[in-house]
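Reading through the structure tokens given below for one structure.
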Amino acid sequence: MSGTILLVVQALIYFATMAAVFHARHRFGIGIFVCVLGVMHFLETYLAAVFFLPLPFGLISPGSTVMFSGKLVMFLLLYIKEDAETVRQPIYGLLIGNCLMVALALILRLYASVAQLPGYQPDLTFLDQMGLLMVWGTLLLFVDSIALILLYEKLGQRIAGTIFKRAFLSLAVVLTFDQLLFFIGLRLVTGVPISALYGGWIAKMGAAALYSLLLVGYLRYVETRPAPASPEPLLKVFDRLTFRHRYEDLLQRTGIDSLTGARDRGQFESMAQSLVDRAIGAGKPVSLLMIDIDHFKNINDQFGHVTGDKVLKDVAHALAGSLRSGDYLFRYGGEEFAAICQDLHAGDAAVMGERLRAAVASASVTDLGMSATVSIGITTVEGGPATVEEMTKDADKWLYEAKRRGRNRVESAILD
């Protein structure tokens, strides 16, 4: 059997088996599919390091050409039919497992008296080499998988509906990157000749084309359940692949709004009354400022939610930079913020409101080519008990008055 036919046969067997296991996930669970990927990882790395077929265009390794390229296609299939959070599980599992293998192999070196068996000698140097290559390959796999999915989604914005082109172009770019970097590691560890670099790249381009065709066939004839019609934005996909959204969830649980960096509504509800009571108890005035971004719905409708998010962040940054160190800024909800300022009489609170309004108006919002503006309503308590509910209601009244009078202005009063 010629080398080319051998590689094609292996690729067909690999894809058919993995696709069958993947298709059975609804009946047996996704764990079987992930385990098969993990079991293949050692053989894939071993063949990529020591087993090469001499073809006219260079040295070709089935481990790299067939198994690694096929694994990337499986990750892409997993993303298309499931989601980014499911894709990241085998990637992180492989990385942790390979690091554990290297650590355990290093510990074995601490034991000097290894039993000698007839015809067998433990080769820890080989195990070290394989461990290093497996860790290096999994690190590349981590980058490759993220890049593959992001490229696939990005191309979908330009050539939507052509899965073959999206898959092939994405695979071609990522496999080119991987071939170069993995060869560098392989060269340093095993001294493989340069012909394995260009030979492997040519073979991987062929694998990208073949696997893309097989992927299209599988999606068209085997698993026809449509994928989600509205793919997630690239940044959100990246967040889910890298656990960044878990960090944002943590921020939300600690009371920080992940988008603007201000304290969130829950913090307002838990802190505001105690801040008011503390100021009144010390015989000091306290002011509540309700701040609303003008025409924010129009900004979202005209420029999109990405720009709207940038406006929210820019406004929050301008507000936070103009408040005093002892003041508190909250994202009250949507495009509305609240600030609590202690030890400000009504006149000083109005001055503070003007300073905040001017700071926002002068802040640059580059996506719009203009600045956002805010309307501010302020209520101040200068003596006697008051509830946050009363102050919020009064500040809202003056906020709506500011909007009624043309927006981009401040209205304030003392709470009776």
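Following the order of the structure tokens, chains are lettered A, B, ..., residues in each are numbered from 1, and ligands are numbered from 1.
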Inset, instruction - With a distance cut-off of 10 Å and only C-alpha atoms, select the neighbouring residues of stretch 1-18 of chain A, excluding the residue or stretch itself and same-chain residues fewer than 2 positions from it, and output the selection as a count of residues only. - result: 34
Inset, instruction - Please identify which residues in stretch 18-127 of chain A DSSP calls strand (DSSP E or B) from the backbone, and express them as JSON, numbers by chain. - result: {"A": [53, 54, 55, 58, 59, 60, 117, 120]}
Could those selected residues go to a file with N, CA and C atoms, as an mmCIF file, in the first residue's frame?
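Wrote out.cif, looks like this:
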```cif
data_model
loop_
_atom_site.group_PDB
_atom_site.id
_atom_site.type_symbol
_atom_site.label_atom_id
_atom_site.label_comp_id
_atom_site.auth_asym_id
_atom_site.auth_seq_id
_atom_site.Cartn_x
_atom_site.Cartn_y
_atom_site.Cartn_z
ATOM 1 N N LEU A 53 6.646 8.615 7.059
ATOM 2 C CA LEU A 53 6.590 7.965 5.755
ATOM 3 C C LEU A 53 7.313 8.841 4.739
ATOM 4 N N PRO A 54 8.269 8.275 3.981
ATOM 5 C CA PRO A 54 8.958 9.084 2.961
ATOM 6 C C PRO A 54 8.118 9.179 1.683
ATOM 7 N N LEU A 55 7.531 10.333 1.443
ATOM 8 C CA LEU A 55 6.764 10.577 0.229
ATOM 9 C C LEU A 55 7.529 11.548 -0.663
ATOM 10 N N GLY A 58 8.261 14.970 0.839
ATOM 11 C CA GLY A 58 8.841 15.106 2.169
ATOM 12 C C GLY A 58 8.430 13.994 3.110
ATOM 13 N N LEU A 59 8.879 14.094 4.362
ATOM 14 C CA LEU A 59 8.543 13.110 5.384
ATOM 15 C C LEU A 59 7.185 13.435 6.000
ATOM 16 N N ILE A 60 6.339 12.407 6.106
ATOM 17 C CA ILE A 60 4.980 12.602 6.603
ATOM 18 C C ILE A 60 4.741 11.689 7.793
ATOM 19 N N LEU A 117 14.268 -6.526 34.287
ATOM 20 C CA LEU A 117 13.503 -7.605 33.690
ATOM 21 C C LEU A 117 14.195 -8.079 32.419
ATOM 22 N N TYR A 120 13.867 -6.224 28.887
ATOM 23 C CA TYR A 120 13.179 -4.941 29.019
ATOM 24 C C TYR A 120 13.971 -4.021 29.943
#
```
Legend entry - Long-range neighbours of stretch 105-115 of chain A as a list in words, 12 Å cut-off, only C-alpha atoms, 2 positions minimum in chain: Asn98, Cys99, Leu100, Met101, Val102, Ala103, Leu117, Pro118, Tyr120, Gln121, Pro122, Asp123, Leu124, Thr125, Phe126, Leu127, Asp128, Gln129, Met130, Gly131 and Leu132 of chain A
Could the residues in this selection be written to a file with C-alpha atoms, as a PDB file, in the first residue's frame?
```pdb
ATOM      1  CA  ASN A  98       0.071  15.597  30.241  1.00  0.00           C
ATOM      2  CA  CYS A  99       1.534  17.854  32.933  1.00  0.00           C
ATOM      3  CA  LEU A 100       0.687  15.181  35.511  1.00  0.00           C
ATOM      4  CA  MET A 101       2.445  12.531  33.408  1.00  0.00           C
ATOM      5  CA  VAL A 102       5.636  14.617  33.243  1.00  0.00           C
ATOM      6  CA  ALA A 103       5.541  15.280  36.998  1.00  0.00           C
ATOM      7  CA  LEU A 117      13.503  -7.605  33.690  1.00  0.00           C
ATOM      8  CA  PRO A 118      14.864  -9.918  30.957  1.00  0.00           C
ATOM      9  CA  TYR A 120      13.179  -4.941  29.019  1.00  0.00           C
ATOM     10  CA  GLN A 121      14.802  -1.791  30.338  1.00  0.00           C
ATOM     11  CA  PRO A 122      12.829   1.288  31.429  1.00  0.00           C
ATOM     12  CA  ASP A 123      13.667   4.211  29.154  1.00  0.00           C
ATOM     13  CA  LEU A 124      12.906   7.289  31.244  1.00  0.00           C
ATOM     14  CA  THR A 125      14.720   9.540  28.770  1.00  0.00           C
ATOM     15  CA  PHE A 126      12.245   8.542  26.094  1.00  0.00           C
ATOM     16  CA  LEU A 127       9.384   9.116  28.535  1.00  0.00           C
ATOM     17  CA  ASP A 128      10.774  12.576  29.304  1.00  0.00           C
ATOM     18  CA  GLN A 129      10.953  13.405  25.609  1.00  0.00           C
ATOM     19  CA  MET A 130       7.420  12.202  24.982  1.00  0.00           C
ATOM     20  CA  GLY A 131       6.172  14.106  28.010  1.00  0.00           C
ATOM     21  CA  LEU A 132       7.737  17.338  26.842  1.00  0.00           C
TER      22      LEU A 132
END
```
Legend entry - Pick from A:Asp416, A:Arg331, A:Glu389, A:Ser64 nearest to A:Ala262, counting only C-alpha atoms: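 So, comparing all the options, the nearest one is A:Arg331.
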Legend entry - Residue contacts of stretch 166-174 of chain A (10 Å, only C-alpha atoms) excluding same-chain residues fewer than 3 positions away, as a VMD selection string: chain A and resid 69 72 to 73 76 to 77 140 to 141 143 to 156 158 to 163 177 to 179 201 204 to 213 215 to 216
Legend entry - Closest of A:Gly321, A:Gly384, A:Val311, A:Ile291 to A:Arg407 - atom-to-atom distances counting only C-alpha atoms: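 Answer, going by the shortest atom-to-atom distance: A:Ile291.
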Inset, instruction - Within 8 Å of A:Lys284, counting only C-alpha atoms, which residues show up once you throw out same-chain ones fewer than 2 positions away? Write them as a list in words, please. - result: Ala279, Ile280, Gly281, Ala282, Val286, Gln342, Asp343, Leu344, Glu382 and Gly383 of chain A
Take the residues from that selection and put them in a file with N, CA and C atoms, as an mmCIF file, in the first residue's frame.
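After the write, part_33.cif holds the following:
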```
data_model
loop_
_atom_site.group_PDB
_atom_site.id
_atom_site.type_symbol
_atom_site.label_atom_id
_atom_site.label_comp_id
_atom_site.auth_asym_id
_atom_site.auth_seq_id
_atom_site.Cartn_x
_atom_site.Cartn_y
_atom_site.Cartn_z
ATOM 1 N N ALA A 279 -24.044 59.175 57.671
ATOM 2 C CA ALA A 279 -23.855 60.618 57.487
ATOM 3 C C ALA A 279 -24.795 61.404 58.402
ATOM 4 N N ILE A 280 -26.075 61.012 58.422
ATOM 5 C CA ILE A 280 -27.051 61.725 59.255
ATOM 6 C C ILE A 280 -26.686 61.587 60.731
ATOM 7 N N GLY A 281 -26.233 60.405 61.136
ATOM 8 C CA GLY A 281 -25.846 60.186 62.515
ATOM 9 C C GLY A 281 -24.661 61.039 62.933
ATOM 10 N N ALA A 282 -23.793 61.375 61.968
ATOM 11 C CA ALA A 282 -22.637 62.222 62.264
ATOM 12 C C ALA A 282 -22.959 63.700 62.103
ATOM 13 N N VAL A 286 -25.988 64.474 53.233
ATOM 14 C CA VAL A 286 -25.691 63.388 52.304
ATOM 15 C C VAL A 286 -26.548 63.581 51.056
ATOM 16 N N GLN A 342 -21.299 61.871 50.673
ATOM 17 C CA GLN A 342 -21.481 62.354 52.039
ATOM 18 C C GLN A 342 -20.769 63.691 52.224
ATOM 19 N N ASP A 343 -21.306 64.463 53.193
ATOM 20 C CA ASP A 343 -20.699 65.748 53.563
ATOM 21 C C ASP A 343 -20.709 66.746 52.405
ATOM 22 N N LEU A 344 -21.817 66.757 51.661
ATOM 23 C CA LEU A 344 -22.022 67.760 50.612
ATOM 24 C C LEU A 344 -23.362 68.443 50.870
ATOM 25 N N GLU A 382 -30.127 67.227 54.669
ATOM 26 C CA GLU A 382 -29.209 68.002 55.511
ATOM 27 C C GLU A 382 -29.512 67.883 56.996
ATOM 28 N N GLY A 383 -30.514 67.107 57.348
ATOM 29 C CA GLY A 383 -30.834 66.896 58.756
ATOM 30 C C GLY A 383 -32.055 66.026 58.883
#
```
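Excluding A:Ile414 itself and same-chain residues fewer than 6 positions from it, the residues having an atom within 10 Å of it are Ser287, His345, Ala346, Gly347, Ile378, Thr379, Thr380, Val381, Glu382, Met391, Asp394 and Ala395 of chain A, counting only C-alpha atoms.
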Legend entry - DSSP alpha helix (DSSP H) residues within stretch 336-373 of chain A, listed as a list of chain:residue names: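 Secondary structure check on stretch 336-373 of chain A, alpha helix (DSSP H): A:Ala346, A:Gly347, A:Asp348, A:Ala349, A:Ala350, A:Val351, A:Met352, A:Gly353, A:Glu354, A:Arg355, A:Leu356, A:Arg357, A:Ala358, A:Ala359, A:Val360, A:Ala361, A:Ser362.
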Next, the residues of the selection above should be written as a CSV table (one decimal), in the first residue's frame with C-alpha atoms.
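Once everything was written out, this is part_1.csv:
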```csv
chain,number,residue,atom,x,y,z
A,346,ALA,CA,-27.2,71.1,48.5
A,347,GLY,CA,-25.2,73.8,46.8
A,348,ASP,CA,-22.0,71.7,46.8
A,349,ALA,CA,-23.9,68.7,45.5
A,350,ALA,CA,-25.2,70.8,42.6
A,351,VAL,CA,-21.6,71.8,41.8
A,352,MET,CA,-20.6,68.1,41.9
A,353,GLY,CA,-23.4,67.3,39.6
A,354,GLU,CA,-22.2,69.9,37.1
A,355,ARG,CA,-18.7,68.5,37.3
A,356,LEU,CA,-19.9,65.0,36.5
A,357,ARG,CA,-22.0,66.3,33.7
A,358,ALA,CA,-19.1,68.2,32.2
A,359,ALA,CA,-16.7,65.3,32.6
A,360,VAL,CA,-19.0,63.0,30.6
A,361,ALA,CA,-19.7,65.6,27.9
A,362,SER,CA,-15.9,66.1,27.4
```
Legend entry - Gap from atom CA of A:Arg263 to atom CA of A:Ala318 - Å, one decimal: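 If I compute the distance from atom CA of A:Arg263 to atom CA of A:Ala318, I get 14.8 Å.
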Inset, instruction - Can you work out the spacing between atom CA of A:Ala413 and atom CA of A:Gly377 in Å, to one decimal? - result: 8.6 Å
Inset, instruction - Point out the residue among A:Ala49, A:Leu133, A:Ile32, A:Val410 with the least atom-to-atom distance to A:Gly191, counting only C-alpha atoms. - result: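 Ranked by minimum distance to A:Gly191, first place goes to A:Ala49.
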